[in-house]
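Report on the structure given below.
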Amino acid sequence: MDFVLPNPLPRLSYYRRIFSAYLLGGKSHLTFWHETPAENPNAPATELGEYYMPFTEKADYPGHYDSAGVPQLDYHGHIGLQYNPIAIAQYGLGNYNLYRRSADSDLDRRRKFFLTADWLCSHLEPNPQSLAVWNHHFDWEYRDTLRAPWYSALAQGQGISLLVRAHKEWSKDSADARYLDAAQRALACFFQPTTQGGVAFTDESGDLWFEEYIVSPPTHILNGFIWAAWGIYDYFLATRSPAAQELFFRSVHTLLHNLERYDLGFWSLYEQSGTRLPMVASPFYHKLHIVQLRVLHRLTGEAAFARVADRWERYARSRVNCARALVYKSVFKLCYY
């Protein structure tokens with residue numbers, strides 16, 4: 001597929017936000033996402049407990065909150081302040097981790113955790129196919145702009161991960177099942193293809209993908225797929241649902257079958273872009289991939305995940321590789337965004 005340089009004028013605000021956050025340390029929505037990725041050693045692999053990544057910096061988000069205390073991200077420009085369900089779930093999971101490990105059971109952390117769980121329950125919305133999703137109510141610059149409202153397998157998965165933990169905590173004191181009910185409704189879109197309102201895509205080889213961005217052709221964003229799969233696994237841990245277990249097993253099979261496609265020989269790919277130039281992961285996402293693969297190794301025992309994580313760590317230790325990846329990434333953004 002050939003590439004065409006886009007009209008630069010509509011992209012100036014996009015590039016300004018990217019360069020401000022990546023190169024100048026400016027405050028933007030990107031600064032929320034870019035907590036240094038790390039495994040959470042306190043997270044168990046076979047039962048619901050702390051989440052698999054710490055998210056402790058996200059738990060103390062220094063940005064804007066609404067009057068109820070729910071975090072909002074500032075995208076600046078014409079987008080401005082917005083609720084992002086992924087950010088809200090990660091904020092809640094970070095507070096949950098800190099609540100669980102506090103010796104005196106920090107009640108403020110618990111309050112913030114349940115605040116996000118309640119927000120997720122109240123903001124599940126039916127999409128045109130009547131599946132329950134967490135919508136993003138703002139346009140988003142992907143190669144083809146995602147028009148509001150749009151939904152994502154990543155948001156669905158992390159919302160489920162938070163809600164099943166809320167159910168576990170809440171059910172200690174109450175028979176109210178609203179958190180688990182919401183998680184079950186959010187899970188339904190994983191069983192439906194993207195063409196029918198879901199977030200699933202089955203390729204020509206029969207491999208099942210969960211799409212962070214619903215576009216055609218699908219791009220199979222690696223980090224979003226893995227985070228979404230963790231949500232399905234967490235639902236299985238909470239309910240022992242055979243259907244959720246099978247869905248998770250299929251996602252693991254897809255990763256094992258396709259992981260080498262994300263290896264450029266010196267760095268990892270962000271997605272399967274289908275373009276002449278590949279979309280190389282940024283340093284942040286490369287590190288995130290490594291952490292996610294190490295967690296998957298813990299959850300599944302599959303040695304391939306640890307083996308690829310070791311290789312990608314070696315890539316990251318090379319300054320030449322880092323510089324090469326940055327050049328690839330910059331050229332890709334200029335050509336396709």
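Going through the structure tokens in order, the chains are called A, B, and so on, while each chain numbers its residues from 1 and the ligands are numbered from 1 in the order shown.
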
From a backbone DSSP assignment, name each residue in region 86-282 of chain A labelled strand (DSSP E or B), as a PDB file with N, CA and C atoms, in the first residue's frame.
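Output contents, as saved in selection-v5.pdb:
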ATOM      1  N   LEU A 124     -22.558   2.845  31.110  1.00  0.00           N
ATOM      2  CA  LEU A 124     -22.723   1.831  30.078  1.00  0.00           C
ATOM      3  C   LEU A 124     -23.891   2.247  29.195  1.00  0.00           C
ATOM      4  N   GLU A 125     -23.662   2.292  27.898  1.00  0.00           N
ATOM      5  CA  GLU A 125     -24.679   2.766  26.967  1.00  0.00           C
ATOM      6  C   GLU A 125     -24.898   1.748  25.856  1.00  0.00           C
ATOM      7  N   PRO A 126     -26.104   1.605  25.362  1.00  0.00           N
ATOM      8  CA  PRO A 126     -26.327   0.705  24.226  1.00  0.00           C
ATOM      9  C   PRO A 126     -25.790   1.324  22.939  1.00  0.00           C
ATOM     10  N   ALA A 132     -23.932  -3.254  25.263  1.00  0.00           N
ATOM     11  CA  ALA A 132     -23.550  -2.266  26.272  1.00  0.00           C
ATOM     12  C   ALA A 132     -22.067  -1.923  26.138  1.00  0.00           C
ATOM     13  N   VAL A 133     -21.781  -0.645  25.930  1.00  0.00           N
ATOM     14  CA  VAL A 133     -20.398  -0.203  25.731  1.00  0.00           C
ATOM     15  C   VAL A 133     -20.146   1.078  26.517  1.00  0.00           C
ATOM     16  N   TRP A 134     -18.862   1.336  26.741  1.00  0.00           N
ATOM     17  CA  TRP A 134     -18.444   2.631  27.275  1.00  0.00           C
ATOM     18  C   TRP A 134     -17.987   3.475  26.103  1.00  0.00           C
ATOM     19  N   HIS A 136     -16.708   6.824  24.023  1.00  0.00           N
ATOM     20  CA  HIS A 136     -15.901   8.040  24.059  1.00  0.00           C
ATOM     21  C   HIS A 136     -16.684   9.087  23.281  1.00  0.00           C
ATOM     22  N   TRP A 140     -11.559  11.303  17.696  1.00  0.00           N
ATOM     23  CA  TRP A 140     -10.183  10.927  18.029  1.00  0.00           C
ATOM     24  C   TRP A 140      -9.374  10.723  16.761  1.00  0.00           C
ATOM     25  N   LEU A 146     -11.812   8.703  14.311  1.00  0.00           N
ATOM     26  CA  LEU A 146     -12.912   8.007  14.963  1.00  0.00           C
ATOM     27  C   LEU A 146     -13.933   9.049  15.391  1.00  0.00           C
ATOM     28  N   TRP A 150     -17.563   6.562  20.010  1.00  0.00           N
ATOM     29  CA  TRP A 150     -16.876   5.345  19.598  1.00  0.00           C
ATOM     30  C   TRP A 150     -16.498   4.545  20.847  1.00  0.00           C
ATOM     31  N   PRO A 193     -18.911  -9.932  16.457  1.00  0.00           N
ATOM     32  CA  PRO A 193     -17.932  -9.320  15.550  1.00  0.00           C
ATOM     33  C   PRO A 193     -18.132  -7.819  15.439  1.00  0.00           C
ATOM     34  N   ALA A 200     -14.942  -7.943  18.426  1.00  0.00           N
ATOM     35  CA  ALA A 200     -14.186  -9.126  18.027  1.00  0.00           C
ATOM     36  C   ALA A 200     -14.031  -9.183  16.513  1.00  0.00           C
ATOM     37  N   PHE A 201     -12.902  -9.712  16.088  1.00  0.00           N
ATOM     38  CA  PHE A 201     -12.649  -9.921  14.665  1.00  0.00           C
ATOM     39  C   PHE A 201     -11.944 -11.264  14.504  1.00  0.00           C
ATOM     40  N   THR A 202     -12.462 -12.099  13.628  1.00  0.00           N
ATOM     41  CA  THR A 202     -11.846 -13.384  13.336  1.00  0.00           C
ATOM     42  C   THR A 202     -11.201 -13.313  11.959  1.00  0.00           C
ATOM     43  N   LEU A 208      -8.820 -15.134  16.733  1.00  0.00           N
ATOM     44  CA  LEU A 208      -9.772 -14.172  17.287  1.00  0.00           C
ATOM     45  C   LEU A 208      -9.024 -12.982  17.870  1.00  0.00           C
ATOM     46  N   TRP A 209      -9.391 -11.797  17.418  1.00  0.00           N
ATOM     47  CA  TRP A 209      -8.779 -10.551  17.881  1.00  0.00           C
ATOM     48  C   TRP A 209      -9.832  -9.689  18.582  1.00  0.00           C
ATOM     49  N   PHE A 210      -9.359  -8.860  19.529  1.00  0.00           N
ATOM     50  CA  PHE A 210     -10.192  -7.840  20.155  1.00  0.00           C
ATOM     51  C   PHE A 210      -9.612  -6.486  19.771  1.00  0.00           C
ATOM     52  N   ASP A 263       7.379  -8.445  15.792  1.00  0.00           N
ATOM     53  CA  ASP A 263       8.817  -8.316  16.014  1.00  0.00           C
ATOM     54  C   ASP A 263       9.469  -7.818  14.732  1.00  0.00           C
ATOM     55  N   SER A 268       9.568  -3.697  18.779  1.00  0.00           N
ATOM     56  CA  SER A 268       8.217  -4.239  18.612  1.00  0.00           C
ATOM     57  C   SER A 268       7.344  -3.276  17.817  1.00  0.00           C
ATOM     58  N   LEU A 269       6.327  -3.823  17.188  1.00  0.00           N
ATOM     59  CA  LEU A 269       5.351  -3.028  16.460  1.00  0.00           C
ATOM     60  C   LEU A 269       4.171  -2.695  17.371  1.00  0.00           C
ATOM     61  N   VAL A 280       5.890   1.354  14.270  1.00  0.00           N
ATOM     62  CA  VAL A 280       6.756   0.920  15.361  1.00  0.00           C
ATOM     63  C   VAL A 280       6.213   1.463  16.681  1.00  0.00           C
TER      64      VAL A 280
END

For this session: Tell me which protein, DNA and RNA residues are within 10 Å of Gln156 (chain A), counting only C-alpha atoms, leaving out same-chain ones fewer than 6 positions away, and put them as an MDAnalysis selection string.
Result: chainID A and resid 85:86 89 124 132:135 183 185:190 199 212 227:229 231:232

For this session: Rank nothing, just name the residue among A:Tyr235, A:Gly198, A:Lys287, A:Ala323 nearest to Asp181 (chain A), using only C-alpha atoms.
Result: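 Closest to Asp181 (chain A) of all the choices is A:Tyr235.
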
For this session: Apply DSSP to the backbone of this structure and, from region 123-334 of chain A, keep only the residues in alpha helix (DSSP H); write these as a ChimeraX atom specification.
Result: /A:153-170,178-187,222-239,242-258,283-300,303-316,319-334

Exercise. So what do you get for CA of Asp139 (chain A) versus CA of Gly63 (chain A), distance-wise?
Worked result: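 Answer for the CA of Asp139 (chain A) to CA of Gly63 (chain A) separation: 20.8 Å.
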
Exercise. Quick one: residues within 12 Å of Trp119 (chain A), only C-alpha atoms counted, chain neighbours fewer than 6 positions away excluded, as a PyMOL selection string?
Worked result: chain A and resi 66+68-71+83-86+88-89+91-92+112-113+125+134+159+162-163+166+179+182

Selected residues written out with N, CA and C atoms, as a PDB file, in the first residue's frame:
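That gives us selection.pdb:
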ATOM      1  N   ASP A  66     -14.160  16.185  37.886  1.00  0.00           N
ATOM      2  CA  ASP A  66     -15.466  16.843  37.896  1.00  0.00           C
ATOM      3  C   ASP A  66     -15.914  17.073  39.339  1.00  0.00           C
ATOM      4  N   ALA A  68     -17.917  15.566  41.162  1.00  0.00           N
ATOM      5  CA  ALA A  68     -18.071  14.344  41.954  1.00  0.00           C
ATOM      6  C   ALA A  68     -16.735  13.698  42.291  1.00  0.00           C
ATOM      7  N   GLY A  69     -15.655  14.158  41.665  1.00  0.00           N
ATOM      8  CA  GLY A  69     -14.339  13.580  41.906  1.00  0.00           C
ATOM      9  C   GLY A  69     -13.900  12.576  40.852  1.00  0.00           C
ATOM     10  N   VAL A  70     -14.608  12.525  39.718  1.00  0.00           N
ATOM     11  CA  VAL A  70     -14.238  11.623  38.628  1.00  0.00           C
ATOM     12  C   VAL A  70     -13.219  12.325  37.739  1.00  0.00           C
ATOM     13  N   PRO A  71     -12.083  11.673  37.423  1.00  0.00           N
ATOM     14  CA  PRO A  71     -11.058  12.347  36.626  1.00  0.00           C
ATOM     15  C   PRO A  71     -11.508  12.609  35.193  1.00  0.00           C
ATOM     16  N   TYR A  83     -14.376  12.925  29.611  1.00  0.00           N
ATOM     17  CA  TYR A  83     -14.311  11.657  30.329  1.00  0.00           C
ATOM     18  C   TYR A  83     -13.738  10.608  29.382  1.00  0.00           C
ATOM     19  N   ASN A  84     -12.739   9.883  29.837  1.00  0.00           N
ATOM     20  CA  ASN A  84     -12.190   8.778  29.065  1.00  0.00           C
ATOM     21  C   ASN A  84     -12.369   7.525  29.907  1.00  0.00           C
ATOM     22  N   PRO A  85     -13.210   6.576  29.485  1.00  0.00           N
ATOM     23  CA  PRO A  85     -13.490   5.408  30.331  1.00  0.00           C
ATOM     24  C   PRO A  85     -12.265   4.569  30.629  1.00  0.00           C
ATOM     25  N   ILE A  86     -11.283   4.553  29.735  1.00  0.00           N
ATOM     26  CA  ILE A  86     -10.050   3.801  29.998  1.00  0.00           C
ATOM     27  C   ILE A  86      -9.283   4.466  31.131  1.00  0.00           C
ATOM     28  N   ILE A  88     -10.456   6.423  33.424  1.00  0.00           N
ATOM     29  CA  ILE A  88     -11.215   6.298  34.671  1.00  0.00           C
ATOM     30  C   ILE A  88     -11.026   4.915  35.276  1.00  0.00           C
ATOM     31  N   ALA A  89     -11.046   3.876  34.433  1.00  0.00           N
ATOM     32  CA  ALA A  89     -10.832   2.510  34.938  1.00  0.00           C
ATOM     33  C   ALA A  89      -9.433   2.361  35.518  1.00  0.00           C
ATOM     34  N   TYR A  91      -7.476   4.723  36.728  1.00  0.00           N
ATOM     35  CA  TYR A  91      -7.454   5.484  37.981  1.00  0.00           C
ATOM     36  C   TYR A  91      -8.078   4.657  39.105  1.00  0.00           C
ATOM     37  N   GLY A  92      -9.204   4.038  38.823  1.00  0.00           N
ATOM     38  CA  GLY A  92      -9.860   3.221  39.838  1.00  0.00           C
ATOM     39  C   GLY A  92      -9.051   2.010  40.229  1.00  0.00           C
ATOM     40  N   LYS A 112     -12.624   6.229  46.334  1.00  0.00           N
ATOM     41  CA  LYS A 112     -12.298   6.583  44.959  1.00  0.00           C
ATOM     42  C   LYS A 112     -12.499   5.377  44.031  1.00  0.00           C
ATOM     43  N   PHE A 113     -12.162   4.206  44.517  1.00  0.00           N
ATOM     44  CA  PHE A 113     -12.352   2.997  43.723  1.00  0.00           C
ATOM     45  C   PHE A 113     -13.832   2.775  43.415  1.00  0.00           C
ATOM     46  N   GLU A 125     -23.662   2.292  27.898  1.00  0.00           N
ATOM     47  CA  GLU A 125     -24.679   2.766  26.967  1.00  0.00           C
ATOM     48  C   GLU A 125     -24.898   1.748  25.856  1.00  0.00           C
ATOM     49  N   TRP A 134     -18.862   1.336  26.741  1.00  0.00           N
ATOM     50  CA  TRP A 134     -18.444   2.631  27.275  1.00  0.00           C
ATOM     51  C   TRP A 134     -17.987   3.475  26.103  1.00  0.00           C
ATOM     52  N   GLY A 159     -12.736  -1.874  32.010  1.00  0.00           N
ATOM     53  CA  GLY A 159     -13.936  -1.644  32.809  1.00  0.00           C
ATOM     54  C   GLY A 159     -14.384  -2.910  33.517  1.00  0.00           C
ATOM     55  N   LEU A 162     -12.191  -3.751  36.525  1.00  0.00           N
ATOM     56  CA  LEU A 162     -12.527  -2.967  37.715  1.00  0.00           C
ATOM     57  C   LEU A 162     -13.832  -3.443  38.337  1.00  0.00           C
ATOM     58  N   LEU A 163     -14.854  -3.680  37.515  1.00  0.00           N
ATOM     59  CA  LEU A 163     -16.173  -4.014  38.052  1.00  0.00           C
ATOM     60  C   LEU A 163     -16.191  -5.346  38.781  1.00  0.00           C
ATOM     61  N   ALA A 166     -14.841  -4.693  42.089  1.00  0.00           N
ATOM     62  CA  ALA A 166     -15.831  -3.986  42.903  1.00  0.00           C
ATOM     63  C   ALA A 166     -16.879  -4.958  43.429  1.00  0.00           C
ATOM     64  N   TYR A 179     -22.607  -4.518  40.202  1.00  0.00           N
ATOM     65  CA  TYR A 179     -21.300  -4.424  39.547  1.00  0.00           C
ATOM     66  C   TYR A 179     -21.051  -5.631  38.641  1.00  0.00           C
ATOM     67  N   ALA A 182     -23.232  -5.366  35.535  1.00  0.00           N
ATOM     68  CA  ALA A 182     -22.674  -4.444  34.545  1.00  0.00           C
ATOM     69  C   ALA A 182     -21.498  -5.081  33.810  1.00  0.00           C
TER      70      ALA A 182
END
